[in-house]
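Participant: The structure that follows is given in the form of structure tokens.
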Amino acid sequence: MEVLVTGGLGFIGSHTVVELLEDGYQVVVIDDLSNSSIDVVDKIKEITGKDFVFYQKNVCDLDALDMIFQKHSIQAVLHFAGYKAVGESVQKPILYYENNLLSTLHLCQKMLEYGCYKFIFSSSATVYGDPEVLPLTEKCKVGGTTNPYGTSKFMIEQILKDIHVSNPKFTPVILRYFNPIGAHPSGYLGEKPNGIPNNLMPYIVRVASGELEILSVFGDDYDTPDGTGVRDYIHVVDLAKGHLCALKKALGEDGVFVYNLGTGCGYSVLDLVHNFEKVNGVKVPYKIVDRRPGDIASCYADPSLALQELGWKAELGLEDMMRDSYRFILKQNEK
Ligand code: UD1
């Protein structure tokens, strides 16, 4: 069965392509390389020993989508492509809304035109805004997003539900990711943000490897056990496997489905730092600084619906995430 993966060379997309190939799917990837590297094509082939088709195109490009749907018998789409830097989205809202919304609209338009109805969407726990209760279930209130990136995810969720109403065969599976970290255990695939990282894990690994001097911990006066922010970190390989389960669900049933993909465990910033030091035997110097505007104290999932309906749960622990993240960066730096 042929499936289309948009953004298939990015952090989460590439790990999902590996799982899809290993499960026997024929994969077509579209990626414009705006936040990914062409090397990833060979890395995926090396890990899996399998081939796939790659188009260097932007998902907003209707002619490119026409060409792909004409050439391939696409049965389902996994849509990862999108801009995701929170701070940049505040500076460039038009760019973020244009790219994230238009790509999804064009993709859905072409899917309906070519009779393809199964759509797996990368959403985010950010759609819950500042949580009223924890752990977060899929029934919790959504909205109240504080930046255009988060709002684009919230809007797309609504758009997908509206398309389903107009055509009940159109089946979106909306996956709300918590905090994806880690890397492929081979050390070949991982997260490689351009410039100075904004997210915690990419920053920690660069401090540990000596590329950056010191980690700034954004606030130690939150209402959490050690005062630092608590999040639900999930290994990217577990997350990728969640997409396969979601795909099987969509292929077997019509409807609208929404799942949290998290572990259900909350860890603080200092938990990560100390665990990273212990697992990898390196120091991560840090200093406490002011809170980062827009941050919340705690956010973690109730992932039980995904277990119940998809048979999926995260298997890897914090130590795996710490070890694999560091292995990837060391391998990068070997070159
Ligand atoms: C962020 C995004 C979220 C997105 C997710 C993707 C914001 C406000 N939210 O989540 O929309 O879906 O990334 O993974 O950016 N921290 C530090 N020092 C740092 C970096 C982070 O102390 O240098 C702390 C933060 O205050 C937070 C925790 O680490 O408590 C996690 O931060 P981060 O990795 O940026 O993720 P989120 O903010 O949870």
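Ligands are numbered from 1 in the order shown, residues from 1 within each chain, and chains are lettered A, B, ... in the order they appear in the structure tokens.
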Can you pull out every residue from stretch 150-197 of chain A that DSSP, working from the backbone, puts in helix (DSSP H, G or I), and format the result as a PyMOL selection string?

Facilitator: chain A and resi 150-166

Participant: Could you pull the residues within 10 Å of A:Leu62, counting only C-alpha atoms, minus those fewer than 4 positions along the same chain, as a PDB file with C-alpha atoms, in the first residue's frame?

Facilitator:
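Full text of selection.pdb as output:
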```
ATOM      1  CA  ASN A  58       6.473  22.275  -1.145  1.00  0.00           C
ATOM      2  CA  ASP A  66      -1.419  16.676  -8.811  1.00  0.00           C
ATOM      3  CA  MET A  67       1.692  15.040 -10.206  1.00  0.00           C
ATOM      4  CA  ILE A  68       2.101  12.868  -7.084  1.00  0.00           C
ATOM      5  CA  SER A 103      -0.459  23.252   2.772  1.00  0.00           C
ATOM      6  CA  HIS A 106      -4.301  22.060  -0.660  1.00  0.00           C
ATOM      7  CA  LEU A 107      -3.475  18.570   0.510  1.00  0.00           C
ATOM      8  CA  GLN A 109      -8.426  19.399  -1.636  1.00  0.00           C
ATOM      9  CA  LYS A 110      -6.279  17.067  -3.727  1.00  0.00           C
TER      10      LYS A 110
END
```

Participant: Pull the strand (DSSP E) assignments for stretch 215-297 of chain A out of DSSP run on the backbone, and list those residues as a list of chain:residue names.

Facilitator: A:Leu215, A:Ser216, A:Val217, A:Phe218, A:Val230, A:Arg231, A:Tyr233, A:Ile234, A:His235, A:Phe257, A:Val258, A:Tyr259, A:Asn260, A:Leu261, A:Tyr267, A:Ser268, A:Tyr286, A:Lys287, A:Ile288, A:Val289

Participant: Please determine, counting only C-alpha atoms, which residue among A:Gly49, A:Pro180, A:Gly87, A:Gly210 has the shortest atom-to-atom distance to A:Val284.

Facilitator: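 Using only C-alpha atoms, the shortest distance to A:Val284 belongs to A:Gly210.
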
Participant: Could you give me, as JSON, numbers by chain, the residues within 9 Å of A:Val237, counting only C-alpha atoms and dropping anything in the same chain fewer than 2 positions from it?

Facilitator: {"A": [12, 15, 16, 19, 182, 183, 184, 185, 234, 235, 239, 240, 241, 242, 314, 316]}

Participant: In terms of the shortest atom-to-atom distance over only C-alpha atoms and all ligand atoms, which of A:Ser37, A:Ser209, A:Thr104, A:Ser89 is closest to ligand 1?

Facilitator: A:Ser89

Participant: In Å, with one decimal, what is the gap from atom CA of A:Asp39 to atom CA of A:Gly262?

Facilitator: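 Separation between atom CA of A:Asp39 and atom CA of A:Gly262: 28.8 Å.
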
Participant: When you look at stretch 168-179 of chain A with a cut-off of 7 Å (counting only C-alpha atoms), what residues show up, excluding the ones that are within fewer than 4 positions of it in the same chain? I need them as a ChimeraX atom specification.

Facilitator: /A:117-125,160,163-164,231-234,246,250,254-262

Participant: Go ahead and write the selection's residues with N, CA, C and O atoms as an mmCIF file, in the first residue's frame.

Facilitator:
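Result file again23.cif:
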```cif
data_model
loop_
_atom_site.group_PDB
_atom_site.id
_atom_site.type_symbol
_atom_site.label_atom_id
_atom_site.label_comp_id
_atom_site.auth_asym_id
_atom_site.auth_seq_id
_atom_site.Cartn_x
_atom_site.Cartn_y
_atom_site.Cartn_z
ATOM 1 N N TYR A 117 -8.874 9.326 1.422
ATOM 2 C CA TYR A 117 -9.643 9.887 2.540
ATOM 3 C C TYR A 117 -8.998 9.755 3.923
ATOM 4 O O TYR A 117 -9.566 10.184 4.908
ATOM 5 N N LYS A 118 -7.857 9.099 4.001
ATOM 6 C CA LYS A 118 -7.302 8.809 5.325
ATOM 7 C C LYS A 118 -6.143 9.757 5.621
ATOM 8 O O LYS A 118 -5.144 9.772 4.891
ATOM 9 N N PHE A 119 -6.274 10.525 6.690
ATOM 10 C CA PHE A 119 -5.358 11.644 6.932
ATOM 11 C C PHE A 119 -4.859 11.621 8.375
ATOM 12 O O PHE A 119 -5.649 11.732 9.315
ATOM 13 N N ILE A 120 -3.557 11.474 8.551
ATOM 14 C CA ILE A 120 -2.981 11.465 9.906
ATOM 15 C C ILE A 120 -2.300 12.819 10.111
ATOM 16 O O ILE A 120 -1.393 13.181 9.351
ATOM 17 N N PHE A 121 -2.733 13.544 11.122
ATOM 18 C CA PHE A 121 -2.256 14.917 11.282
ATOM 19 C C PHE A 121 -1.422 15.112 12.558
ATOM 20 O O PHE A 121 -1.821 14.716 13.640
ATOM 21 N N SER A 122 -0.279 15.792 12.383
ATOM 22 C CA SER A 122 0.616 16.135 13.494
ATOM 23 C C SER A 122 0.088 17.360 14.220
ATOM 24 O O SER A 122 0.369 18.489 13.820
ATOM 25 N N SER A 123 -0.661 17.142 15.283
ATOM 26 C CA SER A 123 -1.058 18.282 16.099
ATOM 27 C C SER A 123 -0.160 18.318 17.343
ATOM 28 O O SER A 123 0.878 17.644 17.376
ATOM 29 N N SER A 124 -0.542 19.107 18.305
ATOM 30 C CA SER A 124 0.360 19.336 19.445
ATOM 31 C C SER A 124 -0.459 19.548 20.706
ATOM 32 O O SER A 124 -1.580 20.092 20.656
ATOM 33 N N ALA A 125 0.141 19.179 21.834
ATOM 34 C CA ALA A 125 -0.492 19.455 23.131
ATOM 35 C C ALA A 125 -0.672 20.958 23.336
ATOM 36 O O ALA A 125 -1.422 21.382 24.219
ATOM 37 N N LEU A 160 -10.144 20.128 9.688
ATOM 38 C CA LEU A 160 -10.249 18.689 9.382
ATOM 39 C C LEU A 160 -11.609 18.139 9.812
ATOM 40 O O LEU A 160 -12.229 17.335 9.110
ATOM 41 N N ILE A 163 -14.191 19.266 7.275
ATOM 42 C CA ILE A 163 -14.141 18.505 6.016
ATOM 43 C C ILE A 163 -14.832 17.156 6.207
ATOM 44 O O ILE A 163 -15.569 16.691 5.346
ATOM 45 N N HIS A 164 -14.616 16.565 7.389
ATOM 46 C CA HIS A 164 -15.291 15.284 7.674
ATOM 47 C C HIS A 164 -16.817 15.444 7.637
ATOM 48 O O HIS A 164 -17.526 14.576 7.124
ATOM 49 N N ARG A 231 7.166 18.632 31.982
ATOM 50 C CA ARG A 231 6.603 18.269 30.674
ATOM 51 C C ARG A 231 6.591 16.755 30.529
ATOM 52 O O ARG A 231 7.310 16.042 31.231
ATOM 53 N N ASP A 232 5.832 16.322 29.522
ATOM 54 C CA ASP A 232 5.705 14.894 29.208
ATOM 55 C C ASP A 232 6.591 14.630 27.988
ATOM 56 O O ASP A 232 6.164 14.817 26.843
ATOM 57 N N TYR A 233 7.827 14.201 28.242
ATOM 58 C CA TYR A 233 8.768 13.948 27.147
ATOM 59 C C TYR A 233 8.519 12.546 26.601
ATOM 60 O O TYR A 233 8.385 11.595 27.369
ATOM 61 N N ILE A 234 8.488 12.463 25.264
ATOM 62 C CA ILE A 234 8.222 11.162 24.635
ATOM 63 C C ILE A 234 9.293 10.876 23.588
ATOM 64 O O ILE A 234 9.684 11.767 22.830
ATOM 65 N N ALA A 246 -2.142 4.688 14.333
ATOM 66 C CA ALA A 246 -3.180 5.632 13.899
ATOM 67 C C ALA A 246 -3.570 5.348 12.449
ATOM 68 O O ALA A 246 -4.751 5.401 12.083
ATOM 69 N N ALA A 250 -7.249 4.397 10.935
ATOM 70 C CA ALA A 250 -7.911 5.158 9.863
ATOM 71 C C ALA A 250 -8.274 4.256 8.686
ATOM 72 O O ALA A 250 -9.329 4.417 8.071
ATOM 73 N N ASP A 254 -14.078 4.701 9.324
ATOM 74 C CA ASP A 254 -14.260 6.124 9.015
ATOM 75 C C ASP A 254 -14.626 6.879 10.287
ATOM 76 O O ASP A 254 -15.256 6.321 11.176
ATOM 77 N N GLY A 255 -14.257 8.149 10.356
ATOM 78 C CA GLY A 255 -14.628 8.961 11.517
ATOM 79 C C GLY A 255 -13.633 10.082 11.728
ATOM 80 O O GLY A 255 -12.789 10.350 10.872
ATOM 81 N N VAL A 256 -13.765 10.728 12.892
ATOM 82 C CA VAL A 256 -12.762 11.710 13.319
ATOM 83 C C VAL A 256 -12.188 11.161 14.615
ATOM 84 O O VAL A 256 -12.950 10.832 15.531
ATOM 85 N N PHE A 257 -10.879 11.044 14.695
ATOM 86 C CA PHE A 257 -10.257 10.484 15.889
ATOM 87 C C PHE A 257 -9.205 11.446 16.411
ATOM 88 O O PHE A 257 -8.463 12.034 15.619
ATOM 89 N N VAL A 258 -9.154 11.596 17.728
ATOM 90 C CA VAL A 258 -8.170 12.497 18.343
ATOM 91 C C VAL A 258 -7.467 11.740 19.469
ATOM 92 O O VAL A 258 -8.142 11.154 20.329
ATOM 93 N N TYR A 259 -6.127 11.735 19.445
ATOM 94 C CA TYR A 259 -5.385 11.024 20.503
ATOM 95 C C TYR A 259 -4.226 11.848 21.024
ATOM 96 O O TYR A 259 -3.484 12.454 20.249
ATOM 97 N N ASN A 260 -4.054 11.806 22.321
ATOM 98 C CA ASN A 260 -2.819 12.308 22.942
ATOM 99 C C ASN A 260 -1.728 11.273 22.732
ATOM 100 O O ASN A 260 -1.947 10.077 22.995
ATOM 101 N N LEU A 261 -0.559 11.714 22.285
ATOM 102 C CA LEU A 261 0.595 10.812 22.275
ATOM 103 C C LEU A 261 1.624 11.360 23.267
ATOM 104 O O LEU A 261 2.351 12.320 22.986
ATOM 105 N N GLY A 262 1.620 10.776 24.428
ATOM 106 C CA GLY A 262 2.557 11.133 25.489
ATOM 107 C C GLY A 262 2.785 9.886 26.320
ATOM 108 O O GLY A 262 2.219 8.829 26.031
#
```

Participant: Which chain A residues have any atom within 9 Å of an atom of ligand 1, and for each, what is the nearest pair of atoms with distance in Å to one decimal, counting only C-alpha atoms and all ligand atoms, rows sorted by chain and number, as a Markdown table?

Facilitator:
```
| residue | atom | partner | partner_atom_place_in_ligand_line | distance |
| --- | --- | --- | --- | --- |
| A:Lys84 | CA | ligand 1 | 4 (C) | 7.2 |
| A:Ala85 | CA | ligand 1 | 15 (O) | 7.4 |
| A:Val86 | CA | ligand 1 | 15 (O) | 5.2 |
| A:Gly87 | CA | ligand 1 | 15 (O) | 7.0 |
| A:Ser123 | CA | ligand 1 | 12 (O) | 8.2 |
| A:Ser124 | CA | ligand 1 | 12 (O) | 5.2 |
| A:Ala125 | CA | ligand 1 | 12 (O) | 6.4 |
| A:Thr126 | CA | ligand 1 | 11 (O) | 4.8 |
| A:Val127 | CA | ligand 1 | 11 (O) | 8.2 |
| A:Thr145 | CA | ligand 1 | 11 (O) | 8.8 |
| A:Thr146 | CA | ligand 1 | 8 (C) | 8.2 |
| A:Asn147 | CA | ligand 1 | 8 (C) | 8.2 |
| A:Tyr149 | CA | ligand 1 | 11 (O) | 7.1 |
| A:Gly150 | CA | ligand 1 | 11 (O) | 5.8 |
| A:Arg176 | CA | ligand 1 | 12 (O) | 9.0 |
| A:Tyr177 | CA | ligand 1 | 12 (O) | 7.2 |
| A:Phe178 | CA | ligand 1 | 12 (O) | 6.9 |
| A:Asn179 | CA | ligand 1 | 14 (O) | 4.6 |
| A:Pro180 | CA | ligand 1 | 14 (O) | 5.7 |
| A:Ile181 | CA | ligand 1 | 14 (O) | 7.6 |
| A:Pro197 | CA | ligand 1 | 23 (O) | 7.5 |
| A:Asn198 | CA | ligand 1 | 35 (O) | 5.6 |
| A:Asn199 | CA | ligand 1 | 34 (O) | 3.4 |
| A:Leu200 | CA | ligand 1 | 20 (C) | 3.7 |
| A:Met201 | CA | ligand 1 | 34 (O) | 6.1 |
| A:Pro202 | CA | ligand 1 | 34 (O) | 8.0 |
| A:Tyr203 | CA | ligand 1 | 23 (O) | 5.9 |
| A:Ile204 | CA | ligand 1 | 23 (O) | 7.7 |
| A:Leu215 | CA | ligand 1 | 23 (O) | 5.9 |
| A:Ser216 | CA | ligand 1 | 18 (N) | 5.0 |
| A:Val217 | CA | ligand 1 | 22 (O) | 3.4 |
| A:Phe218 | CA | ligand 1 | 22 (O) | 3.9 |
| A:Gly219 | CA | ligand 1 | 22 (O) | 6.9 |
| A:Asp220 | CA | ligand 1 | 22 (O) | 8.8 |
| A:Thr228 | CA | ligand 1 | 30 (O) | 6.4 |
| A:Gly229 | CA | ligand 1 | 30 (O) | 3.6 |
| A:Val230 | CA | ligand 1 | 30 (O) | 5.8 |
| A:Arg231 | CA | ligand 1 | 39 (O) | 6.0 |
| A:Asp232 | CA | ligand 1 | 39 (O) | 8.3 |
| A:Tyr233 | CA | ligand 1 | 14 (O) | 8.7 |
| A:Ser268 | CA | ligand 1 | 30 (O) | 7.1 |
| A:Val269 | CA | ligand 1 | 29 (O) | 5.3 |
| A:Leu270 | CA | ligand 1 | 22 (O) | 8.5 |
| A:Ile288 | CA | ligand 1 | 22 (O) | 8.1 |
| A:Val289 | CA | ligand 1 | 22 (O) | 8.3 |
| A:Arg291 | CA | ligand 1 | 26 (O) | 6.7 |
| A:Arg292 | CA | ligand 1 | 26 (O) | 6.0 |
| A:Pro293 | CA | ligand 1 | 8 (C) | 7.8 |
| A:Gly294 | CA | ligand 1 | 8 (C) | 5.5 |
| A:Asp295 | CA | ligand 1 | 8 (C) | 5.1 |
| A:Ile296 | CA | ligand 1 | 30 (O) | 7.0 |
| A:Ala297 | CA | ligand 1 | 30 (O) | 6.8 |
| A:Ser298 | CA | ligand 1 | 30 (O) | 7.6 |
| A:Cys299 | CA | ligand 1 | 39 (O) | 7.5 |
```

Participant: Using only C-alpha atoms, which residues sit within 12 Å of A:Glu319 once same-chain residues fewer than 2 positions away are excluded, as a ChimeraX atom specification?

Facilitator: /A:181-182,233-235,267,271-280,315-317,321-326

Participant: Separation of atom CA of A:Tyr188 and atom CA of A:Phe11, in Å?

Facilitator: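 For atom CA of A:Tyr188 relative to atom CA of A:Phe11, the distance reads 11.2 Å.
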
Participant: Determine, counting only C-alpha atoms, which protein, DNA and RNA residues have an atom within 8 Å of an atom of A:Ala81; residues of the same chain fewer than 2 positions away are not included. Present the result as a VMD selection string.

Facilitator: chain A and resid 6 to 8 10 31 59 79 83 100

Participant: What does the file look like for those residues with N, CA and C atoms, as a short mmCIF file (atom, residue, chain, number, x, y, z; two decimals), in the first residue's frame?

Facilitator:
```cif
data_model
loop_
_atom_site.label_atom_id
_atom_site.label_comp_id
_atom_site.auth_asym_id
_atom_site.auth_seq_id
_atom_site.Cartn_x
_atom_site.Cartn_y
_atom_site.Cartn_z
N THR A 6 4.23 13.85 4.13
CA THR A 6 4.73 15.21 3.91
C THR A 6 5.71 15.54 5.04
N GLY A 7 6.77 16.25 4.73
CA GLY A 7 7.76 16.55 5.76
C GLY A 7 8.46 15.29 6.24
N GLY A 8 8.61 14.33 5.33
CA GLY A 8 9.13 13.01 5.71
C GLY A 8 10.62 12.97 5.98
N GLY A 10 11.94 15.38 8.01
CA GLY A 10 12.10 16.13 9.27
C GLY A 10 12.27 15.18 10.46
N ASP A 31 8.99 16.81 0.61
CA ASP A 31 9.64 17.65 1.61
C ASP A 31 10.39 18.72 0.84
N VAL A 59 4.45 21.49 -0.09
CA VAL A 59 3.10 20.91 -0.08
C VAL A 59 2.04 21.92 -0.54
N HIS A 79 0.66 13.86 7.49
CA HIS A 79 1.04 15.25 7.21
C HIS A 79 1.88 15.84 8.35
N TYR A 83 5.71 24.69 9.59
CA TYR A 83 6.66 25.49 10.38
C TYR A 83 6.32 25.32 11.86
N ASN A 100 1.25 26.82 7.02
CA ASN A 100 0.65 25.68 7.72
C ASN A 100 -0.80 25.43 7.28
#
```

Participant: To one decimal in Å, tell me the separation between atom CA of A:Val29 and atom CA of A:Phe52.

Facilitator: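 Those two atoms sit 7.6 Å apart.
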
Participant: Name the closest residue to A:Gly13 among the candidates A:Lys283, A:Lys92, A:Lys141, A:His243; distances are taken between atoms, counting only C-alpha atoms.

Facilitator: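 Selected residue with least distance to A:Gly13: A:His243.
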
Participant: Go through A:Leu65, A:Ile44, A:Leu9, A:Leu310 one by one, measure the shortest atom-to-atom distance of each to A:Glu191 using only C-alpha atoms, and give the residue with the smallest value.

Facilitator: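 Closest residue, counting only C-alpha atoms: A:Leu9.
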
Participant: Restricting the calculation to only C-alpha atoms, which member of A:Val27, A:Cys245, A:Cys140, A:Ala208 is positioned closest to A:Glu309?

Facilitator: A:Cys245

Participant: Out of A:Gln75, A:Thr151, A:Gln158, A:Ser14, which residue has the shortest atom-to-atom distance to A:Lys45 when counting only C-alpha atoms?

Facilitator: A:Ser14
